[in-house]
Amino acid sequence: MNGNPIRLVMLDIDGTIVDSPRHSAVTPELAQTIRDVAARGIAIGIATGRNYGHMMSQMRPIGFTGPFICNGGAYLVKDGACLFESLLPREVVDAAWERVLRERGYIEFSGRDVMYTFIAPGYAGPTFPKVGTDDYLRILRSKEEYSAVRAAPISKITIVVDSRKKAASLSRYWTRGPFAAAVTLTRSFWFALEITNRGVTKGSGLSLVAESLGCKPEEVMAVGDGDNDAEMLRAAGVSFAMGNASPAAIAAAKYRAPSVQEDGARIVLQRYVLDGAPLPALSR
């Protein structure tokens with residue numbers, strides 16, 4: 001019997017249940033714990049910046065029942081169907097393309113099941129490798145192939161850069177430039193800037209998901225580690241920032257978890273959901 005009134009658990013992926021970029025897999029122990037939580041009749045899903053196709057390609061075998069918050073809150077899936085979608089205006093998509101060419105970065109355009117990627121000439125930083133076997137990835141080999149993106153519904157853009165100077169320049173553009181009132185800018189890592197429509201975050205996604213399930217805030221648990229998890233951690237009644245979390249995530253969460261290297265998400269699920277241990281004293 002679950003001693004805490006948790007009916008919904010939402011977990012971030014990178015830095016929370018997967019030790020990115022060191023390892024790309026969920027530990028077998030965590031996978032079994034996720035299945036044990038689902039067996040209790042508790043909804044357990046993922047809140048990620050990845051699109052649905054990318055996320056499911058890796059996470060389908062793990063045992064998640066959903067719901068799923070994808071594209072940083074811009075695409076929500078419940079019971080296998082779209083619950084919510086927020087598409088970016090074409091002028092924002094075009095502006096992101098031009099900026100990544102100018103800054104010589106790497107870019108991902110995410111729809112529901114398809115993600116378009118492009119590496120600008122001269123870029124020398126990290127990229128996110130394909131995971132899983134599903135055909136969700138479309139690699140643009142030239143500038144001319146951008147026409148495929150213009151014809152596609154895009155709800156989230158990730159721009160990755162190879163210097164903090166470029167990251168600062170892009171951050172200023174999206175927060176102070178012509179689209180500042182139209183978009184929300186968050187980060188999963190210092191080098192990865194995520195763009196969604198204004199007000200669209202993992203937190204807004206969590207609120208919609210919880211409402212659809214009739215869950216009160218105190219019945220919702222969220223676990224995350226990055227700046228892009230902060231709004232979700234604020235929205236959940238029971239929220240844990242990983243031991244490796246960013247300052248923004250730590251400030252937003254009510255509690256702390258061990259790090260991803262210590263399989264902290266598994267420890268939280270086992271202790272406070274399956275074993276029903278009393279929640280710790282508030283961290284702030």
# chains A, B, ... in the order shown; residues from 1 in each chain; ligands from 1
>>> residues_around(residues="region 92-109 of chain A", least_positions_apart="4", cutoff="6 Å", atoms="only C-alpha atoms", output="list in words")
Met115, Tyr116, Thr117, Phe118, Ile119, Ala120, Gly122, Tyr123, Ile157, Thr158, Ile159, Val160 and Val161 of chain A
>>> closest_atom_pairs(of="region 3-93 of chain A", to="region 173-182 of chain A", cutoff="10 Å", atoms="only C-alpha atoms", output="tab-separated table")
residue	atom	partner	partner_atom	distance
A:Leu88	CA	A:Ala182	CA	9.1
A:Pro89	CA	A:Ala182	CA	9.0
A:Glu91	CA	A:Phe179	CA	9.2
A:Val92	CA	A:Phe179	CA	7.2
>>> residues_around(residues="Gln32 (chain A)", least_positions_apart="2", cutoff="12 Å", atoms="only C-alpha atoms", output="list in words")
Val26, Thr27, Pro28, Glu29, Leu30, Ile34, Arg35, Asp36, Val37, Ala38, Ala39, Pro61, Ile62, Gly63, Phe64, Arg266, Leu269, Gln270 and Leu274 of chain A
>>> select_by_dssp(residues="region 9-159 of chain A", states="helix (DSSP H, G or I)", output="ChimeraX atom specification")
/A:28-39,52-59,71-73,90-103,143-150
>>> atom_distance(atom1="CA of Thr16 (chain A)", atom2="CA of Phe240 (chain A)")
10.1 Å
>>> atom_distance(atom1="CA of Gly243 (chain A)", atom2="CA of Val260 (chain A)")
7.1 Å
>>> atom_distance(atom1="CA of Glu231 (chain A)", atom2="CA of Gly205 (chain A)")
9.5 Å
>>> residues_around(residues="region 77-86 of chain A", least_positions_apart="3", cutoff="6 Å", atoms="only C-alpha atoms", output="PyMOL selection string")
chain A and resi 67-68+74+155
>>> select_by_dssp(residues="region 47-180 of chain A", states="strand (DSSP E)", output="number ranges by chain")
A: 47, 68-70, 75-78, 81-85, 106-110, 115-119, 137-139, 156-160
>>> closest_residue(among="A:Gly132, A:Gly73, A:Gly66, A:Gly15", to="Gly53 (chain A)", atoms="only C-alpha atoms")
A:Gly132
>>> residues_around(residues="Ile195 (chain A)", least_positions_apart="6", cutoff="8 Å", atoms="only C-alpha atoms", output="list in words")
Lys156, Ile157, Thr158, Val183, Thr184, Leu185 and Thr186 of chain A
>>> residues_around(residues="Tyr255 (chain A)", least_positions_apart="6", cutoff="8 Å", atoms="only C-alpha atoms", output="number ranges by chain")
A: 238-241, 280-283
>>> residues_around(residues="Gly111 (chain A)", least_positions_apart="5", cutoff="7 Å", atoms="only C-alpha atoms", output="PyMOL selection string")
chain A and resi 51+153-155
>>> write_last_selection(atoms="C-alpha atoms", output="CSV table (one decimal), in the first residue's frame")
chain,number,residue,atom,x,y,z
A,51,ASN,CA,9.6,14.4,-29.2
A,153,PRO,CA,4.4,21.0,-38.0
A,154,ILE,CA,7.1,21.9,-35.4
A,155,SER,CA,6.4,22.4,-31.7
>>> closest_residue(among="A:Thr65, A:Ser259, A:Ser188, A:Ser204", to="Arg234 (chain A)", atoms="only C-alpha atoms")
A:Ser204
>>> decode(residues="region 31-49 of chain A", atoms="N, CA, C and O atoms", output="compact mmCIF listing (two decimals), in the first residue's frame")
# COMPACT_ATOMS: atom_id res chain seq x y z
N ALA A 31 14.35 0.26 -14.14
CA ALA A 31 13.28 -0.23 -15.02
C ALA A 31 12.32 -1.13 -14.24
O ALA A 31 11.09 -1.03 -14.39
N GLN A 32 12.86 -1.99 -13.38
CA GLN A 32 11.98 -2.87 -12.60
C GLN A 32 11.17 -2.06 -11.59
O GLN A 32 9.97 -2.34 -11.38
N THR A 33 11.77 -1.05 -11.00
CA THR A 33 11.04 -0.21 -10.05
C THR A 33 9.90 0.53 -10.75
O THR A 33 8.80 0.66 -10.19
N ILE A 34 10.14 1.01 -11.97
CA ILE A 34 9.09 1.68 -12.74
C ILE A 34 7.93 0.71 -13.00
O ILE A 34 6.75 1.07 -12.83
N ARG A 35 8.23 -0.52 -13.35
CA ARG A 35 7.18 -1.51 -13.57
C ARG A 35 6.44 -1.81 -12.28
O ARG A 35 5.21 -2.01 -12.28
N ASP A 36 7.14 -1.83 -11.15
CA ASP A 36 6.50 -2.08 -9.85
C ASP A 36 5.54 -0.94 -9.50
O ASP A 36 4.45 -1.17 -8.96
N VAL A 37 5.94 0.30 -9.80
CA VAL A 37 5.06 1.45 -9.55
C VAL A 37 3.80 1.34 -10.41
O VAL A 37 2.67 1.51 -9.93
N ALA A 38 3.98 1.02 -11.69
CA ALA A 38 2.83 0.88 -12.58
C ALA A 38 1.90 -0.24 -12.12
O ALA A 38 0.67 -0.13 -12.24
N ALA A 39 2.47 -1.32 -11.58
CA ALA A 39 1.66 -2.44 -11.11
C ALA A 39 0.78 -2.07 -9.93
O ALA A 39 -0.22 -2.75 -9.66
N ARG A 40 1.14 -1.00 -9.23
CA ARG A 40 0.31 -0.51 -8.11
C ARG A 40 -0.88 0.31 -8.61
O ARG A 40 -1.66 0.82 -7.81
N GLY A 41 -0.99 0.50 -9.93
CA GLY A 41 -2.07 1.31 -10.47
C GLY A 41 -1.77 2.80 -10.47
O GLY A 41 -2.68 3.61 -10.65
N ILE A 42 -0.51 3.14 -10.27
CA ILE A 42 -0.09 4.55 -10.27
C ILE A 42 0.38 4.91 -11.68
O ILE A 42 1.18 4.20 -12.28
N ALA A 43 -0.15 5.99 -12.22
CA ALA A 43 0.28 6.45 -13.54
C ALA A 43 1.72 6.93 -13.45
O ALA A 43 2.05 7.76 -12.59
N ILE A 44 2.59 6.42 -14.32
CA ILE A 44 3.98 6.84 -14.30
C ILE A 44 4.43 7.14 -15.72
O ILE A 44 4.36 6.28 -16.61
N GLY A 45 4.81 8.39 -15.94
CA GLY A 45 5.13 8.85 -17.28
C GLY A 45 6.43 9.62 -17.33
O GLY A 45 7.18 9.69 -16.34
N ILE A 46 6.68 10.19 -18.49
CA ILE A 46 7.92 10.91 -18.76
C ILE A 46 7.60 12.35 -19.14
O ILE A 46 6.63 12.60 -19.86
N ALA A 47 8.43 13.27 -18.66
CA ALA A 47 8.36 14.67 -19.08
C ALA A 47 9.72 15.00 -19.68
O ALA A 47 10.73 15.01 -18.97
N THR A 48 9.75 15.25 -20.99
CA THR A 48 11.02 15.36 -21.69
C THR A 48 11.00 16.45 -22.75
O THR A 48 9.93 16.84 -23.22
N GLY A 49 12.18 16.90 -23.11
CA GLY A 49 12.30 17.78 -24.26
C GLY A 49 12.27 17.03 -25.58
O GLY A 49 12.12 17.63 -26.63
